[in-house]
Structures are given as C-alpha cells and as structure tokens.
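J.: Provided below: my_file.json, containing JSON, C-alpha atoms.
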[["chain", "number", "residue", "atom", "x", "y", "z"],
["A", 190, "LEU", "CA", 0.00, 0.00, 0.00],
["A", 191, "HIS", "CA", 1.07, 3.57, -0.61],
["A", 192, "SER", "CA", -0.27, 6.26, 1.67],
["A", 193, "SER", "CA", 0.29, 9.91, 2.35],
["A", 194, "LEU", "CA", 0.87, 11.09, 5.89],
["A", 195, "ALA", "CA", -2.76, 12.25, 6.10],
["A", 196, "GLY", "CA", -4.13, 8.79, 5.30],
["A", 197, "LEU", "CA", -1.82, 6.83, 7.58],
["A", 198, "GLY", "CA", -4.15, 6.90, 10.60],
["A", 199, "SER", "CA", -7.16, 5.64, 8.65],
["A", 200, "LEU", "CA", -4.99, 2.96, 7.01],
["A", 201, "HIS", "CA", -3.91, 1.60, 10.41],
["A", 202, "ALA", "CA", -7.52, 1.78, 11.65],
["A", 203, "VAL", "CA", -8.82, -0.32, 8.76],
["A", 204, "LEU", "CA", -5.97, -2.83, 9.07],
["A", 205, "SER", "CA", -6.47, -3.29, 12.81],
["A", 206, "LYS", "CA", -10.24, -3.67, 12.38],
["A", 207, "ARG", "CA", -9.58, -6.48, 9.89],
["A", 208, "ARG", "CA", -6.94, -8.19, 12.08],
["A", 209, "GLY", "CA", -4.08, -6.97, 9.87],
["A", 210, "LYS", "CA", -0.51, -6.56, 11.04],
["A", 211, "VAL", "CA", 1.91, -4.01, 9.60],
["A", 212, "VAL", "CA", 5.18, -5.69, 8.62],
["A", 213, "THR", "CA", 7.17, -2.72, 7.29],
["A", 214, "ASP", "CA", 6.62, 0.91, 6.45],
["A", 215, "ALA", "CA", 9.14, 3.10, 4.67],
["A", 216, "MET", "CA", 9.22, 6.43, 2.87],
["A", 217, "VAL", "CA", 9.30, 6.31, -0.93],
["A", 218, "ASP", "CA", 12.30, 8.30, -2.22],
["A", 219, "GLY", "CA", 11.43, 11.58, -3.93],
["A", 220, "THR", "CA", 7.77, 11.61, -2.83],
["A", 221, "ASP", "CA", 5.76, 12.24, 0.30],
["A", 222, "LEU", "CA", 4.29, 8.71, 0.21],
["A", 223, "ILE", "CA", 4.82, 5.92, 2.70],
["A", 224, "GLN", "CA", 4.97, 2.34, 1.46],
["A", 225, "VAL", "CA", 3.29, -0.02, 3.92],
["A", 226, "THR", "CA", 3.61, -3.81, 3.80],
["A", 227, "ALA", "CA", 1.06, -5.66, 5.92],
["A", 228, "THR", "CA", -0.43, -9.10, 6.38],
["A", 229, "ILE", "CA", -4.18, -9.58, 6.58],
["A", 230, "PRO", "CA", -6.32, -12.75, 6.71],
["A", 231, "GLN", "CA", -7.64, -13.65, 3.27],
["A", 232, "VAL", "CA", -11.25, -13.77, 4.39],
["A", 233, "GLU", "CA", -10.92, -10.21, 5.73],
["A", 234, "SER", "CA", -9.60, -8.91, 2.39],
["A", 235, "PHE", "CA", -13.02, -8.89, 0.70],
["A", 236, "GLY", "CA", -14.06, -5.26, 0.29],
["A", 237, "LEU", "CA", -10.72, -3.93, 1.55],
["A", 238, "ALA", "CA", -10.02, -1.50, -1.32],
["A", 239, "PRO", "CA", -13.40, 0.30, -1.22],
["A", 240, "GLU", "CA", -13.22, 0.62, 2.56],
["A", 241, "LEU", "CA", -9.68, 2.04, 2.40],
["A", 242, "MET", "CA", -10.74, 4.57, -0.22],
["A", 243, "LYS", "CA", -13.82, 5.56, 1.77],
["A", 244, "LYS", "CA", -12.11, 5.89, 5.15],
["A", 245, "SER", "CA", -9.03, 7.71, 3.86],
["A", 246, "SER", "CA", -10.78, 9.93, 1.28],
["A", 247, "GLY", "CA", -8.44, 8.66, -1.43],
["A", 248, "ASP", "CA", -5.17, 9.18, 0.46],
["A", 249, "VAL", "CA", -4.40, 5.44, 0.33],
["A", 250, "THR", "CA", -3.84, 3.64, -2.98],
["A", 251, "ALA", "CA", -5.57, 0.39, -3.90],
["A", 252, "PRO", "CA", -3.90, -2.59, -2.22],
["A", 253, "GLU", "CA", -1.88, -5.17, -4.11],
["A", 254, "LEU", "CA", -2.88, -8.44, -2.48],
["A", 255, "VAL", "CA", -0.44, -11.37, -2.68],
["A", 256, "PHE", "CA", -0.83, -14.68, -0.85],
["A", 257, "SER", "CA", 1.83, -15.03, 1.83],
["A", 258, "HIS", "CA", 1.25, -17.96, 4.19],
["A", 259, "TRP", "CA", -1.23, -20.18, 6.05],
["A", 260, "GLU", "CA", -1.90, -19.73, 9.72],
["A", 261, "VAL", "CA", -4.11, -21.91, 11.91],
["A", 262, "LEU", "CA", -6.55, -20.18, 14.26],
["A", 263, "ASP", "CA", -6.32, -21.27, 17.88],
["A", 264, "GLU", "CA", -10.10, -21.15, 18.32],
["A", 265, "ASP", "CA", -12.66, -23.90, 18.12],
["A", 266, "PRO", "CA", -15.66, -22.59, 16.16],
["A", 267, "PHE", "CA", -18.01, -25.13, 17.72],
["A", 268, "TRP", "CA", -16.96, -24.78, 21.37],
["A", 269, "ILE", "CA", -19.83, -24.71, 23.87],
["A", 270, "PRO", "CA", -19.43, -23.96, 27.60],
["A", 271, "THR", "CA", -20.39, -27.11, 29.49],
["A", 272, "THR", "CA", -19.18, -26.84, 33.08],
["A", 273, "ASP", "CA", -20.76, -24.52, 35.62],
["A", 274, "GLU", "CA", -17.57, -22.46, 35.80],
["A", 275, "GLU", "CA", -17.45, -21.99, 32.01],
["A", 276, "LYS", "CA", -21.14, -21.06, 31.96],
["A", 277, "GLU", "CA", -20.50, -18.50, 34.68],
["A", 278, "ASP", "CA", -17.53, -17.00, 32.83],
["A", 279, "TYR", "CA", -18.88, -17.11, 29.27],
["A", 280, "GLY", "CA", -22.64, -17.18, 29.75],
["A", 281, "GLN", "CA", -25.31, -19.61, 28.63],
["A", 282, "ASN", "CA", -25.78, -20.72, 25.03],
["A", 283, "LEU", "CA", -27.94, -18.52, 22.90],
["A", 284, "LEU", "CA", -31.16, -20.27, 22.01],
["A", 285, "THR", "CA", -30.80, -19.79, 18.26],
["A", 286, "GLY", "CA", -30.36, -23.47, 17.51],
["A", 287, "ASP", "CA", -26.74, -23.19, 16.47],
["A", 288, "SER", "CA", -23.66, -23.93, 18.52],
["A", 289, "SER", "CA", -22.78, -20.30, 19.09],
["A", 290, "THR", "CA", -21.98, -19.00, 22.53],
["A", 291, "GLY", "CA", -22.34, -15.37, 21.59],
["A", 292, "LEU", "CA", -18.61, -14.82, 22.16],
["A", 293, "ASP", "CA", -16.28, -13.05, 19.78],
["A", 294, "ASN", "CA", -15.21, -16.24, 17.99],
["A", 295, "ASN", "CA", -13.29, -15.37, 14.82],
["A", 296, "ALA", "CA", -13.29, -18.94, 13.50],
["A", 297, "LEU", "CA", -17.09, -19.15, 13.69],
["A", 298, "LYS", "CA", -17.38, -15.67, 12.18],
["A", 299, "TYR", "CA", -15.20, -16.73, 9.22],
["A", 300, "ILE", "CA", -17.23, -19.91, 8.68],
["A", 301, "ARG", "CA", -20.44, -17.88, 8.60],
["A", 302, "MET", "CA", -18.96, -15.30, 6.22],
["A", 303, "VAL", "CA", -17.86, -17.97, 3.73],
["A", 304, "ARG", "CA", -21.17, -19.83, 3.95],
["A", 305, "SER", "CA", -23.20, -16.66, 3.37],
["A", 306, "ARG", "CA", -20.96, -15.65, 0.45],
["A", 307, "LYS", "CA", -21.53, -19.07, -1.14],
["A", 308, "GLY", "CA", -25.28, -18.87, -0.56],
["A", 309, "LEU", "CA", -25.38, -21.72, 1.96],
["A", 310, "LEU", "CA", -27.43, -21.89, 5.14],
["A", 311, "VAL", "CA", -25.74, -19.77, 7.77],
["A", 312, "ASP", "CA", -27.86, -20.07, 10.89],
["A", 313, "SER", "CA", -30.40, -22.65, 11.89],
["A", 314, "SER", "CA", -32.76, -19.78, 12.73],
["A", 315, "LYS", "CA", -33.71, -19.72, 9.03],
["A", 316, "ILE", "CA", -35.20, -23.20, 9.21],
["A", 317, "VAL", "CA", -38.99, -23.18, 9.02],
["A", 318, "VAL", "CA", -40.46, -24.07, 12.40],
["A", 319, "ALA", "CA", -44.18, -23.79, 11.69],
["A", 320, "ALA", "CA", -44.97, -24.20, 7.99],
["A", 321, "GLU", "CA", -48.67, -23.35, 8.36],
["A", 322, "LYS", "CA", -47.72, -19.79, 9.28],
["A", 323, "GLN", "CA", -46.15, -19.17, 5.89],
["A", 324, "ARG", "CA", -48.03, -17.35, 3.20],
["A", 325, "THR", "CA", -47.48, -16.89, -0.49],
["A", 326, "LEU", "CA", -46.75, -13.39, -1.66],
["A", 327, "SER", "CA", -47.53, -14.10, -5.33],
["A", 328, "ARG", "CA", -50.85, -13.00, -6.72],
["A", 329, "LYS", "CA", -53.45, -15.49, -7.85],
["A", 330, "LYS", "CA", -54.49, -15.04, -11.46]]
Here is a file; write its structure as structure tokens.
T.:
Amino acid sequence: LHSSLAGLGSLHAVLSKRRGKVVTDAMVDGTDLIQVTATIPQVESFGLAPELMKKSSGDVTAPELVFSHWEVLDEDPFWIPTTDEEKEDYGQNLLTGDSSTGLDNNALKYIRMVRSRKGLLVDSSKIVVAAEKQRTLSRKK
C-alpha cells in the first residue's frame, strides 16, 4: 500500500479492524508517500479496497494483495461452555439453535462469512419451524 501522511491513521484503523498486522513501512524516495507492507487474513480482504478509499478519502492507494502464508486459528468454532464455571464465565448458550456461545469467535465468524458468500445456510434460525404460518406473496391469477 502507498499512503500519504494524512491517510496513515485511517490505514492503520482499517488494518487493525480487519486483524491486519503491519510488517514494514518506509518512505518512498522523492515523494511524500509511505509504502506499507502488511499481512491480513484472506477472508478479511473482501471489500478492503473500497473501505480504504472511503475511510481515507483517497489518500491510500488500492492494495496489491499477494498470498503469503497459512496460519491456523487457535479457536474452536463449535466450542460450547459445558461446566458450571465456564457457563458463569462465558454465559449460557444462545437459544438460536446453532452452537454459538455469543462470544467473539473469529473462526465461527469466518465460517459464517464464507457460507453466506456461497449462498449456503448460515444459521439454523432460518429453518422453518411452523410451515402453516407461511403465506405466499404471489398474486393469484
């Protein structure tokens, strides 16, 4: 990424919101631009360029995304608190029918983002519970 000094704060804000880490930043010779090299999870890179342009008012150039490495998340997306101590610390399960605990679980968030992008069922709350309550919105001819 190339950024002016004015857009550097918004660049770091967007990167930290998307779990990005700045690797290097250096001044480009002969200009007032700063070249920033950062790593960001691939699933967080969707919509990165428009958000950078919007937040920085055009002070940050469009990112050049290159695959770097794999990294395993240390979170279990399907973890449920079972003991009384865990339930006291993390709360009860939400009654949405899925295995979510309502915690900030990045692995579960990524699974849901990919499933929604592919058009798959994301939450079990979309399953029809009482079919007789449905109605057809199309007009009868």
J.: Which residue out of A:Gly196, A:Gly209, A:Pro239, A:Pro230 has the minimum interatomic distance to Val261 of chain A when all atoms listed in the file are used?
T.: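 So, comparing all the options, the nearest one is A:Pro230.
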J.: At what distance in Å, to one decimal, does atom CA of Val211 of chain A lie from atom CA of Gly247 of chain A?
T.: 19.7 Å
J.: Which of these, A:Lys276, A:Ile223, A:Arg301, A:Met216, has the shortest distance to Asp248 of chain A once you count all atoms listed in the file?
T.: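 Counting all atoms listed in the file, the residue closest to Asp248 of chain A is A:Ile223.
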J.: In Å, rounded to a single decimal, give me how far atom CA of Asp221 of chain A is from atom CA of Ala195 of chain A.
T.: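 If I compute the distance from atom CA of Ala195 of chain A to atom CA of Asp221 of chain A, I get 10.3 Å.
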J.: What box, with edges along x, y and z, holds each listed atom of segment 245-255 of chain A when 8 Å is added on every side, and can you state its centre and edge lengths in Å to one decimal, as JSON?
T.:
{"center_x": -5.6, "center_y": -0.7, "center_z": -0.1, "size_x": 26.3, "size_y": 37.3, "size_z": 24.0}
J.: Any idea what the distance is between atom CA of Trp268 of chain A and atom CA of Asn295 of chain A?
T.: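 These two atoms are separated by 12.0 Å.
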J.: Find, counting all atoms listed in the file, the residue in A:Ser199, A:Ser205, A:Ser193, A:Ser234 that gets nearest to Leu222 of chain A.
T.: A:Ser193
J.: Which residue is closest to Arg306 of chain A? Choose from A:Val232, A:Pro252, A:Pro270, A:Asp214 and count only C-alpha atoms.
T.: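 For Arg306 of chain A, the nearest of the given residues is A:Val232.
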J.: Could you tell me which of A:Asp218, A:Asp278, A:Asp265, A:Asp273 comes closest to Asn294 of chain A if we count all atoms listed in the file?
T.: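 Closest candidate: A:Asp265.
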J.: Give me, as a list in words, all polymer residues having an atom no more than 10 Å from Asp263 of chain A, counting only C-alpha atoms and skipping those fewer than 3 positions away in the same chain.
T.: Glu260, Pro266, Asn295 and Ala296 of chain A
J.: Could you check which of A:His191, A:Lys307, A:Lys210, A:Lys298 is closest to Leu262 of chain A, using only C-alpha atoms?
T.: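 Once distances to Leu262 of chain A are computed over only C-alpha atoms, the minimum belongs to A:Lys298.
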